[in-house]
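Novice: My structure is in upload33.cif, and what it holds is mmCIF, C-alpha atoms:
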data_data
#
loop_
_atom_site.label_atom_id
_atom_site.label_comp_id
_atom_site.auth_asym_id
_atom_site.auth_seq_id
_atom_site.Cartn_x
_atom_site.Cartn_y
_atom_site.Cartn_z
CA MET A 44 73.07 24.10 84.84
CA GLY A 45 71.19 21.42 82.95
CA THR A 46 67.73 21.82 81.36
CA LEU A 47 64.75 19.59 80.90
CA ALA A 48 65.73 19.33 77.24
CA ASP A 49 68.74 17.33 78.35
CA ILE A 50 66.30 14.69 79.53
CA VAL A 51 63.36 15.05 77.18
CA ASN A 52 63.81 17.09 74.02
CA VAL A 53 60.44 17.99 72.48
CA LYS A 54 59.88 19.27 68.93
CA ILE A 55 56.29 19.88 67.80
CA ALA A 56 55.52 20.63 64.18
CA LEU A 57 52.38 22.55 63.25
CA ASN A 58 50.64 20.44 60.61
CA THR A 59 47.67 22.78 60.50
CA THR A 60 47.94 24.20 57.00
CA SER A 61 44.51 24.83 55.53
CA VAL A 62 43.68 25.12 51.85
CA GLN A 63 41.20 27.77 50.78
CA ARG A 64 38.16 26.21 49.18
CA GLY A 65 36.49 27.66 46.09
CA VAL A 66 33.63 30.14 46.13
CA PHE A 67 30.34 29.00 44.58
CA GLY A 68 27.80 31.43 46.02
CA ILE A 69 28.86 34.91 44.93
CA PRO A 70 27.87 36.64 41.66
CA LEU A 71 29.83 39.38 39.92
CA ILE A 72 28.26 41.98 37.64
CA ALA A 73 30.74 43.33 35.10
CA ALA A 74 30.06 46.67 33.42
CA PRO A 75 31.91 49.47 31.63
CA HIS A 76 31.82 52.46 33.96
CA ALA A 77 33.91 55.17 35.64
CA SER A 78 32.34 55.20 39.10
CA PHE A 79 35.37 53.78 40.90
CA SER A 80 38.99 53.11 39.98
CA GLU A 81 39.51 49.61 41.41
CA LEU A 82 38.62 46.64 39.26
CA VAL A 83 36.23 45.02 41.77
CA ARG A 84 34.07 46.46 44.54
CA ILE A 85 31.94 44.48 47.01
CA TYR A 86 28.32 45.35 47.84
CA THR A 87 26.50 43.75 50.77
CA ASP A 88 23.15 45.47 50.25
CA PHE A 89 21.35 47.82 47.91
CA ASP A 90 21.45 51.58 48.57
CA SER A 91 18.91 53.52 46.55
CA ASP A 92 20.85 56.73 47.27
CA ASN A 93 23.60 55.38 44.99
CA PRO A 94 26.58 56.70 47.00
CA ASP A 95 29.05 55.30 44.44
CA ASN A 96 27.36 57.11 41.58
CA LEU A 97 26.82 53.92 39.57
CA PRO A 98 25.17 54.05 36.14
CA GLN A 99 21.46 53.24 36.20
CA SER A 100 21.98 49.83 34.60
CA LEU A 101 24.28 48.76 37.46
CA GLN A 102 21.91 50.16 40.06
CA THR A 103 19.05 48.18 38.53
CA ALA A 104 21.10 44.97 38.40
CA LEU A 105 22.10 45.31 42.06
CA SER A 106 18.53 46.11 43.04
CA ASP A 107 17.18 43.06 41.20
CA GLY A 108 19.80 40.84 42.83
CA PHE A 109 19.34 42.03 46.39
CA ALA A 110 15.53 41.90 46.05
CA GLN A 111 15.56 38.09 46.20
CA THR A 112 14.87 35.86 49.22
CA PRO A 113 17.20 34.22 49.96
CA ARG A 114 19.93 36.38 48.48
CA PRO A 115 23.74 36.30 48.44
CA ALA A 116 25.66 37.83 51.34
CA GLN A 117 27.44 39.98 48.78
CA ILE A 118 27.38 40.88 45.10
CA LYS A 119 30.56 42.08 43.44
CA VAL A 120 30.81 44.67 40.68
CA GLY A 121 33.65 44.51 38.18
CA ARG A 122 34.84 47.46 36.11
CA MET A 123 35.33 46.97 32.37
CA SER A 124 37.17 49.33 30.03
CA ILE A 125 35.41 52.30 28.47
CA LEU A 126 36.08 54.33 25.37
CA LYS A 127 34.14 57.33 26.60
CA ALA A 128 31.43 58.25 29.06
CA ALA A 129 28.74 60.87 28.74
CA ILE A 130 27.20 63.04 31.43
CA GLU A 131 24.27 65.38 30.98
CA PRO A 132 22.40 68.05 32.96
CA VAL A 133 19.18 66.67 34.42
CA ASP A 134 17.41 69.88 33.37
CA ALA A 135 18.12 73.57 32.78
CA VAL A 136 17.44 75.73 35.84
CA ALA A 137 18.37 79.39 36.01
CA LEU A 138 21.32 80.15 38.32
CA ALA A 139 21.42 76.54 39.59
CA VAL A 140 24.75 74.92 40.49
CA TYR A 141 25.75 71.84 38.50
CA SER A 142 28.65 69.87 39.90
CA LEU A 143 30.51 66.58 39.78
CA LYS A 144 33.50 65.14 41.61
CA ILE A 145 36.36 63.89 39.45
CA GLY A 146 38.91 62.08 41.56
CA SER A 147 39.19 64.27 44.64
CA THR A 148 38.29 67.53 42.85
CA VAL A 149 34.81 69.02 42.70
CA VAL A 150 34.06 70.79 39.43
CA SER A 151 31.02 73.06 39.43
CA VAL A 152 29.37 75.70 37.27
CA THR A 153 26.46 78.07 37.79
CA ALA A 154 23.85 78.22 35.07
CA ALA A 155 23.03 81.50 33.37
CA ALA A 156 19.79 83.42 33.86
CA SER A 157 18.24 81.76 30.77
CA PRO A 158 20.10 78.47 30.38
CA THR A 159 19.63 75.50 28.12
CA THR A 160 21.10 72.05 28.61
CA SER A 161 23.48 72.86 25.75
CA THR A 162 24.86 76.01 27.41
CA ILE A 163 25.25 74.17 30.72
CA ALA A 164 27.06 71.30 28.98
CA THR A 165 29.42 73.81 27.36
CA GLN A 166 30.15 75.39 30.76
CA LEU A 167 30.82 71.98 32.31
CA ALA A 168 33.15 70.88 29.51
CA SER A 169 35.14 74.10 29.82
CA ALA A 170 35.42 73.80 33.60
CA ILE A 171 36.52 70.15 33.42
CA ASN A 172 39.20 70.87 30.83
CA THR A 173 40.44 73.89 32.80
CA ALA A 174 40.83 71.74 35.91
CA ALA A 175 43.23 69.41 34.00
CA LEU A 176 42.18 66.25 35.85
CA GLY A 177 43.21 63.67 33.26
CA VAL A 178 39.83 63.85 31.56
CA THR A 179 39.08 65.54 28.24
CA ALA A 180 35.54 66.92 27.98
CA THR A 181 33.64 67.77 24.81
CA ALA A 182 30.16 69.33 24.78
CA VAL A 183 27.85 67.91 22.11
CA ALA A 184 24.14 68.84 21.94
CA GLY A 185 23.55 69.13 25.67
CA VAL A 186 25.81 66.19 26.57
CA VAL A 187 29.38 66.22 27.86
CA GLU A 188 31.51 63.40 26.48
CA LEU A 189 34.41 62.41 28.72
CA ALA A 190 37.55 60.69 27.46
CA PHE A 191 40.29 59.52 29.82
CA ALA A 192 43.92 60.21 28.94
CA GLY A 193 45.18 57.23 30.95
CA ALA A 194 43.85 55.33 33.93
CA ILE A 195 40.23 55.85 34.93
CA VAL A 196 39.68 58.86 37.17
CA PRO A 197 36.57 57.99 39.20
CA ILE A 198 33.57 60.27 38.90
CA THR A 199 31.83 59.86 42.22
CA THR A 200 29.33 62.63 42.93
CA PHE A 201 26.70 64.39 40.82
CA SER A 202 24.51 67.37 41.58
CA LYS A 203 21.85 68.03 38.94
CA ILE A 204 23.84 65.83 36.53
CA GLN A 205 23.23 62.26 35.39
CA TRP A 206 25.08 59.60 33.43
CA GLY A 207 24.41 59.45 29.72
CA ALA A 208 25.61 56.74 27.38
CA ILE A 209 28.78 54.86 28.35
CA THR A 210 30.65 53.44 25.38
CA PRO A 211 32.78 50.35 26.11
CA SER A 212 36.21 49.98 24.59
CA ALA A 213 36.07 48.45 21.11
CA THR A 214 39.61 47.06 21.16
CA ALA A 215 39.77 43.53 19.79
CA GLY A 216 39.72 40.94 22.56
CA ILE A 217 38.87 43.56 25.19
CA VAL A 218 36.07 41.55 26.84
CA ALA A 219 38.37 38.61 27.56
CA ALA A 220 41.14 40.99 28.65
CA ASP A 221 38.82 42.89 30.99
CA LEU A 222 37.38 39.72 32.52
CA GLY A 223 40.86 38.29 32.93
CA ALA A 224 41.97 41.44 34.75
CA ILE A 225 38.89 41.31 37.00
CA GLN A 226 39.59 37.65 37.73
CA ALA A 227 43.22 38.43 38.57
CA ALA A 228 42.16 41.21 40.93
CA ASP A 229 39.51 39.10 42.70
CA SER A 230 38.71 35.51 41.77
CA ALA A 231 36.37 34.83 44.72
CA TRP A 232 33.11 34.76 42.75
CA TYR A 233 31.30 32.14 40.68
CA VAL A 234 28.58 33.57 38.42
CA LEU A 235 29.32 36.32 35.90
CA HIS A 236 26.74 38.79 34.60
CA LEU A 237 27.08 41.64 32.12
CA THR A 238 24.93 44.76 32.27
CA GLU A 239 25.27 44.95 28.50
CA ARG A 240 22.99 43.01 26.17
CA THR A 241 25.06 43.49 22.99
CA LYS A 242 25.25 40.12 21.24
CA ALA A 243 28.93 40.37 20.29
CA ARG A 244 30.05 41.17 23.83
CA VAL A 245 27.81 38.47 25.32
CA LEU A 246 29.35 35.91 22.95
CA ASP A 247 32.86 37.11 23.87
CA ALA A 248 32.05 36.72 27.57
CA ALA A 249 30.62 33.24 26.96
CA ALA A 250 33.80 32.18 25.16
CA TRP A 251 35.94 33.44 28.06
CA VAL A 252 33.84 31.78 30.76
CA GLU A 253 34.06 28.42 28.98
CA THR A 254 37.78 28.40 29.90
CA GLN A 255 37.07 29.03 33.60
CA ASP A 256 35.47 27.07 36.45
CA LYS A 257 32.61 29.57 36.56
CA LEU A 258 29.18 30.21 35.07
CA PHE A 259 27.90 33.07 32.91
CA VAL A 260 24.19 33.90 33.20
CA THR A 261 22.60 36.35 30.79
CA ALA A 262 19.22 37.30 29.32
CA SER A 263 18.02 38.71 26.02
CA ALA A 264 14.87 40.19 24.55
CA GLU A 265 16.02 39.62 20.96
CA SER A 266 12.87 39.06 18.89
CA GLY A 267 14.47 36.39 16.72
CA ILE A 268 14.69 34.07 19.71
CA LEU A 269 10.93 33.45 19.49
CA VAL A 270 11.02 32.69 15.75
CA PRO A 271 11.25 28.90 15.26
CA GLY A 272 13.17 29.02 11.97
CA THR A 273 15.71 31.64 13.01
CA THR A 274 19.21 30.35 13.74
CA THR A 275 21.16 33.61 14.00
CA ASP A 276 19.77 34.81 17.33
CA LEU A 277 21.81 34.85 20.56
CA LEU A 278 20.37 31.64 22.03
CA SER A 279 20.98 29.72 18.81
CA ALA A 280 24.57 30.99 18.66
CA LEU A 281 25.24 29.90 22.24
CA LYS A 282 23.69 26.49 21.63
CA ASP A 283 25.63 26.00 18.40
CA ALA A 284 28.85 26.78 20.28
CA ASN A 285 27.93 23.97 22.72
CA TYR A 286 28.67 26.12 25.76
CA PHE A 287 28.42 24.21 29.05
CA ARG A 288 29.11 27.27 31.22
CA THR A 289 26.68 29.80 29.79
CA VAL A 290 23.06 30.07 30.86
CA ALA A 291 20.82 32.21 28.66
CA ALA A 292 17.21 33.18 29.17
CA TYR A 293 14.67 34.88 26.97
CA HIS A 294 13.14 37.78 28.88
CA GLY A 295 10.93 40.34 27.23
CA ALA A 296 12.06 43.06 29.66
CA ALA A 297 15.77 42.21 29.44
CA ASP A 298 16.67 45.71 28.24
CA THR A 299 15.44 47.32 31.47
CA GLU A 300 15.46 44.49 34.03
CA TYR A 301 18.03 41.91 35.11
CA ALA A 302 16.19 38.61 35.47
CA ASP A 303 19.57 36.88 35.03
CA VAL A 304 21.00 38.59 38.13
CA ALA A 305 17.81 37.95 40.10
CA TRP A 306 17.80 34.26 39.12
CA ALA A 307 21.39 33.62 40.17
CA ALA A 308 20.95 35.66 43.35
CA ARG A 309 17.93 33.52 44.27
CA VAL A 310 19.78 30.21 43.76
CA LEU A 311 23.40 30.87 44.78
CA PRO A 312 22.72 30.97 48.56
CA ILE A 313 21.78 27.28 48.29
CA GLN A 314 24.61 24.79 48.79
CA PRO A 315 25.81 23.29 45.47
CA GLY A 316 24.10 19.93 45.08
CA GLY A 317 21.07 21.02 47.07
CA GLU A 318 19.38 23.12 44.40
CA THR A 319 17.65 23.09 41.08
CA TRP A 320 17.51 26.25 38.98
CA ALA A 321 14.01 25.43 37.74
CA LEU A 322 10.74 26.47 39.40
CA LYS A 323 12.19 29.58 41.05
CA ARG A 324 10.07 32.64 41.76
CA LEU A 325 11.82 35.98 41.24
CA ALA A 326 11.00 39.19 43.07
CA SER A 327 10.95 42.54 41.20
CA ILE A 328 11.07 40.87 37.77
CA THR A 329 8.31 41.09 35.14
CA ALA A 330 7.16 37.64 34.06
CA ASP A 331 6.57 36.88 30.39
CA ASN A 332 3.28 35.55 29.05
CA LEU A 333 4.50 33.10 26.43
CA SER A 334 2.53 30.85 24.15
CA ALA A 335 3.25 27.14 24.08
CA THR A 336 5.03 27.68 20.76
CA ASP A 337 7.17 30.48 22.19
CA ARG A 338 8.15 28.34 25.15
CA ALA A 339 9.01 25.34 23.00
CA THR A 340 11.08 27.54 20.68
CA VAL A 341 13.11 29.00 23.54
CA PHE A 342 13.70 25.55 25.03
CA SER A 343 14.70 24.11 21.64
CA LYS A 344 17.38 26.79 21.36
CA GLY A 345 18.90 25.89 24.73
CA GLY A 346 17.26 28.81 26.50
CA ASN A 347 15.32 29.37 29.69
CA THR A 348 12.25 31.42 30.59
CA PHE A 349 10.66 33.26 33.47
CA GLU A 350 6.97 33.09 32.72
CA ARG A 351 3.51 32.87 34.22
CA TYR A 352 1.98 29.48 34.92
CA SER A 353 -1.10 30.99 36.57
CA ASP A 354 -2.34 34.42 37.57
CA THR A 355 -0.38 34.23 40.83
CA LEU A 356 2.58 32.02 39.95
CA ALA A 357 5.57 32.86 37.74
CA MET A 358 8.63 30.61 37.65
CA THR A 359 11.91 29.90 35.87
CA ASN A 360 12.29 26.87 33.59
CA PRO A 361 13.91 24.53 32.65
CA GLY A 362 17.23 25.40 34.32
CA LYS A 363 19.74 24.32 31.67
CA VAL A 364 22.99 25.62 30.20
CA ALA A 365 23.18 26.36 26.46
CA ALA A 366 24.64 22.90 25.72
CA GLY A 367 21.65 21.22 27.37
CA GLU A 368 23.02 20.03 30.72
CA TRP A 369 21.27 20.98 33.96
CA ILE A 370 22.82 24.05 35.60
CA ASP A 371 22.85 22.42 39.03
CA VAL A 372 24.89 19.49 37.67
CA ILE A 373 27.56 21.84 36.31
CA ARG A 374 27.72 23.79 39.57
CA PHE A 375 27.86 20.66 41.72
CA ARG A 376 30.61 19.19 39.53
CA ASP A 377 32.67 22.35 40.01
CA TRP A 378 32.08 22.21 43.76
CA LEU A 379 32.95 18.50 44.01
CA LYS A 380 36.14 18.94 41.98
CA ASP A 381 37.21 21.76 44.29
CA TYR A 382 36.25 19.86 47.46
CA ILE A 383 38.15 16.71 46.45
CA GLN A 384 41.18 18.71 45.34
CA THR A 385 41.45 20.94 48.42
CA SER A 386 40.80 18.07 50.83
CA MET A 387 43.49 15.92 49.23
CA VAL A 388 46.03 18.75 49.13
CA GLN A 389 45.37 19.56 52.77
CA LEU A 390 46.01 15.93 53.72
CA MET A 391 49.27 15.75 51.79
CA VAL A 392 50.80 19.08 52.85
CA ASN A 393 50.16 18.41 56.54
CA ARG A 394 52.20 15.17 56.51
CA ASP A 395 55.90 14.74 56.07
CA LYS A 396 55.00 12.27 53.35
CA VAL A 397 52.35 9.84 52.21
CA PRO A 398 54.21 6.59 51.49
CA TYR A 399 53.62 4.58 48.31
CA THR A 400 52.35 1.63 50.32
CA ASP A 401 48.98 0.02 50.89
CA GLY A 402 48.59 2.21 53.97
CA GLY A 403 49.47 5.40 52.10
CA ILE A 404 47.17 4.62 49.19
CA GLN A 405 44.37 3.74 51.58
CA LEU A 406 44.88 7.08 53.32
CA LEU A 407 44.21 8.88 50.04
CA GLY A 408 41.31 6.56 49.26
CA ASN A 409 39.68 7.31 52.60
CA ASN A 410 40.10 11.02 51.98
CA LEU A 411 38.38 10.65 48.58
CA ARG A 412 35.54 8.66 50.17
CA ALA A 413 35.05 11.38 52.77
CA SER A 414 34.72 13.99 50.02
CA LEU A 415 32.15 11.87 48.20
CA ARG A 416 30.19 11.37 51.42
CA GLU A 417 30.14 15.16 51.78
CA GLY A 418 28.75 15.25 48.23
CA GLN A 419 25.99 12.95 49.43
CA ARG A 420 25.33 15.10 52.47
CA VAL A 421 24.81 18.27 50.45
CA GLY A 422 22.50 16.46 48.02
CA GLY A 423 24.50 16.25 44.80
CA ILE A 424 25.35 12.54 45.01
CA ALA A 425 22.56 10.03 45.54
CA PRO A 426 22.44 8.35 48.97
CA ASP A 427 23.05 4.64 49.41
CA GLU A 428 19.75 2.96 48.53
CA THR A 429 18.32 -0.49 47.86
CA ASP A 430 16.75 -1.99 44.75
CA ALA A 431 13.45 -3.85 44.49
CA ASP A 432 15.13 -7.04 45.68
CA GLY A 433 16.55 -5.38 48.77
CA LYS A 434 20.09 -5.36 47.40
CA PRO A 435 22.22 -2.35 48.26
CA VAL A 436 22.72 0.32 45.59
CA PRO A 437 25.64 2.49 46.71
CA GLY A 438 25.70 6.19 45.93
CA PHE A 439 29.32 5.91 44.86
CA ASN A 440 32.22 3.52 44.66
CA VAL A 441 35.96 4.13 44.82
CA THR A 442 38.64 2.04 43.13
CA ILE A 443 42.17 2.14 44.53
CA PRO A 444 45.09 -0.12 43.65
CA LEU A 445 47.19 -2.27 45.94
CA ALA A 446 50.80 -1.15 46.06
CA SER A 447 51.83 -4.53 44.68
CA GLU A 448 49.68 -3.95 41.59
CA VAL A 449 51.42 -0.69 40.64
CA SER A 450 54.35 -0.91 38.24
CA ASP A 451 57.81 0.26 39.25
CA ALA A 452 57.67 2.95 36.57
CA ILE A 453 54.50 4.47 38.00
CA LYS A 454 55.85 4.23 41.54
CA ALA A 455 58.99 6.02 40.38
CA SER A 456 56.81 8.85 39.01
CA ARG A 457 55.22 9.17 42.49
CA VAL A 458 51.75 9.45 40.98
CA VAL A 459 48.90 7.29 42.26
CA TYR A 460 45.75 6.78 40.22
CA LEU A 461 42.41 6.68 42.03
CA LYS A 462 38.99 6.33 40.41
CA PHE A 463 35.42 6.82 41.53
CA ASN A 464 31.92 6.57 40.11
CA ALA A 465 28.98 8.38 41.69
CA ARG A 466 25.25 8.54 41.00
CA ILE A 467 23.87 12.05 40.54
CA ALA A 468 20.92 12.69 42.85
CA GLY A 469 19.21 14.87 40.23
CA ALA A 470 15.89 16.61 40.87
CA ILE A 471 12.21 16.16 40.07
CA HIS A 472 10.71 18.96 37.98
CA VAL A 473 7.52 17.30 36.77
CA ALA A 474 5.12 14.88 38.45
CA ASP A 475 2.91 12.85 36.08
CA ILE A 476 0.13 11.30 38.20
CA THR A 477 -2.40 8.81 36.92
CA GLY A 478 -5.43 7.85 38.99
CA ALA A 479 -8.98 6.67 38.84
CA LEU A 480 -12.15 7.14 40.87
CA ALA A 481 -14.55 4.26 41.50
CA TYR A 482 -17.19 3.14 44.03
CA SER A 483 -14.84 0.45 45.34
CA LEU A 484 -11.16 -0.46 45.20
CA ASP A 485 -11.75 -4.01 43.95
#
Represent the structure from my file as structure tokens, please.

Specialist:
Amino acid sequence: MGTLADIVNVKIALNTTSVQRGVFGIPLIAAPHASFSELVRIYTDFDSDNPDNLPQSLQTALSDGFAQTPRPAQIKVGRMSILKAAIEPVDAVALAVYSLKIGSTVVSVTAAASPTTSTIATQLASAINTAALGVTATAVAGVVELAFAGAIVPITTFSKIQWGAITPSATAGIVAADLGAIQAADSAWYVLHLTERTKARVLDAAAWVETQDKLFVTASAESGILVPGTTTDLLSALKDANYFRTVAAYHGAADTEYADVAWAARVLPIQPGGETWALKRLASITADNLSATDRATVFSKGGNTFERYSDTLAMTNPGKVAAGEWIDVIRFRDWLKDYIQTSMVQLMVNRDKVPYTDGGIQLLGNNLRASLREGQRVGGIAPDETDADGKPVPGFNVTIPLASEVSDAIKASRVVYLKFNARIAGAIHVADITGALAYSLD
């Protein structure tokens, strides 16, 4: 018996491959901790009950981020290496039960009739070591220091116990190694924050981020920042390194608040190209009262501020990276690069081939133009306008060759060279208005 294929044979290819675009609206807070074993965990809201038993610094950073309106749909937390972690009894209560969960095992002790925090710490250290859970505990002056024999064993539940100091690993190059591991585990984030304010680790993170298509936003309360002649402070070091991917702010409460997390969380929900990082109000963050000299000093060192401009208005300014470029320009450039790249790849992989002909080159040129028009739509590239004489001023132009203009050698390499120029839309931060009042307009 014959089939319809004997008459009409149909083959349909699925040219529907999509290319994942980059992520430009999600922050990641990296911190040394032992609250979970995976390298990255996603949070979609703030829970004051702290079910993951995060250190207070991480809890504060998440709280400051999720307090903003608008705010990101999620904030990620990355785990950095630790040398040791301390836990301590909240207080000393007779016959009270003190417990923690290490991995899947609950370790608990009952305080004596007349306890001190030191005797409770000694009990806890003994119980932890007896349980043989891959953690070595040492009691020191009312604190239990925990050292991990190998991989982190998560410590997830406390009862009448709290985190003490957590000491990050001091291995050379560990910040870059940790951030690289976090990136390998989950690269779908754009802005990095550290809970730590240590200058050396901030500088290490800034050096790492400069090699990535990401931003690093941090804050410091270092007193030297406000001293005009000082050149050894954090902001000066970042400016001297000419970092285009690090944003640093002076914030007087940086040791207890995370204005950097709040700032990024406030801006990241806005489409790249549609935002400025200046003039942003931040919820839950204490504003500084800076003198004109203080402000000028911070700005001269490539820094930013969150300060009061009136009794009821506090805002961020100026919105620049350490090297002096506007933050929104850097973010939009990253977005545009990704959009052009993914759009072009998607076009090419869904065709059997793009020929090296006028038609094939024009196909790529049209794809590039479409990406640039999307850049106009989101607000990063200036729209087509007119000058004072009514002549058109395009927002961008694209230069593509004719196939006949390309040498045989270049054609043989199968590489086509396209160029574009685009006008940045920019943003207005200051309005300088001059006027006059008179009895007539003559």

Novice: Taking only C-alpha atoms into account, which of A:Leu461, A:Val372, A:Ala190, A:Ala155 comes nearest Asn172 of chain A?

Specialist: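 Selected residue with least distance to Asn172 of chain A: A:Ala190.
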
Novice: What is the distance between atom CA of Ile268 of chain A and atom CA of Thr254 of chain A, in Å to one decimal?

Specialist: 25.9 Å

Novice: Name the residues captured by the PyMOL selection byres ((chain A and resi 176-186) around 9) when it is applied to the shown file; answer as a ChimeraX atom specification.

Specialist: /A:129-132,145-146,148,159-175,187-196,207

Novice: What is the atom CA of Lys363 of chain A to atom CA of Ala474 of chain A distance in Å?

Specialist: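 Taking atom CA of Lys363 of chain A and atom CA of Ala474 of chain A, their separation equals 18.7 Å.
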
Novice: Just want the 9 Å neighbourhood of Arg64 of chain A, counted on all atoms listed in the file, with same-chain residues fewer than 3 positions away dropped. Output as a PyMOL selection string.

Specialist: chain A and resi 381-382+384-386

Novice: Going by the chain IDs and residue numbers used in this file, which residues fall under the PyMOL selection byres ((chain A and resi 110-112) around 7)? Write them as a ChimeraX atom specification.

Specialist: /A:106-109,113-114,305,308-309,325-327

Novice: Which residue gives the smallest distance to Ala77 of chain A among A:Val62, A:Thr210, A:Ala284, A:Asp92, with all atoms listed in the file counted?

Specialist: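 Checking each of A:Val62, A:Thr210, A:Ala284, A:Asp92 against Ala77 of chain A, counting all atoms listed in the file, the winner is A:Thr210.
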
Novice: Can you pull out every residue within 8 Å of segment 247-251 of chain A, counting only C-alpha atoms, but drop anything in the same chain fewer than 5 positions away, and send it as a list in words?

Specialist: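 Neighbouring residues, sequence-local ones excluded: Gly216, Val218, Ala219, Leu222, Phe259, Leu281, Tyr286, Arg288 and Thr289 of chain A.
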
Novice: What separation in Å, quoted to one decimal, exists between atom CA of Ala452 of chain A and atom CA of Gly403 of chain A?

Specialist: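 A separation of 17.7 Å between them.
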
Novice: Output the residue selection produced by the PyMOL selection byres ((chain A and resi 264) around 9) on the file above, formatted as a list in words.

Specialist: Arg240, Ala262, Ser263, Glu265, Ser266, Gly267, Ile268, Ala292, Tyr293, His294, Gly295, Ala296, Ala297 and Asp298 of chain A

Novice: Select, from A:Gly346, A:Thr87, A:Val341, A:Thr355, the residue with the minimum atom-to-atom distance to Arg324 of chain A, counting only C-alpha atoms.

Specialist: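 Between A:Gly346, A:Thr87, A:Val341, A:Thr355, the residue approaching Arg324 of chain A most closely is A:Thr355.
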
Novice: Write out as a ChimeraX atom specification which residues come within 9 Å of Arg412 of chain A when counting all atoms listed in the file, dropping same-chain ones fewer than 6 positions away.

Specialist: /A:439-441,463

Novice: I need the residues from that last selection saved to file as a short mmCIF file (atom, residue, chain, number, x, y, z; two decimals), keeping the file's coordinate frame (with C-alpha atoms), if you can.

Specialist:
data_model
loop_
_atom_site.label_atom_id
_atom_site.label_comp_id
_atom_site.auth_asym_id
_atom_site.auth_seq_id
_atom_site.Cartn_x
_atom_site.Cartn_y
_atom_site.Cartn_z
CA PHE A 439 29.32 5.91 44.86
CA ASN A 440 32.22 3.52 44.66
CA VAL A 441 35.96 4.13 44.82
CA PHE A 463 35.42 6.82 41.53
#

Novice: Residues within 9 Å of Val245 of chain A, please, as a VMD selection string. Count all atoms listed in the file; anything in the same chain fewer than 6 positions from it doesn't count.

Specialist: chain A and resid 218 237 239 261 277

Novice: If you count only C-alpha atoms, which residues fall within 12 Å of Arg374 of chain A, apart from same-chain ones fewer than 4 positions away, as a VMD selection string?

Specialist: chain A and resid 65 to 68 233 to 234 256 to 259 287 to 290 307 310 to 311 313 to 320 362 to 364 368 to 370 378 to 381 423

Novice: So, counting only C-alpha atoms, which residue among A:Leu322, A:Thr340, A:Pro312, A:Ser142 is closest to Ser202 of chain A?

Specialist: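 The closest residue to Ser202 of chain A is A:Ser142.
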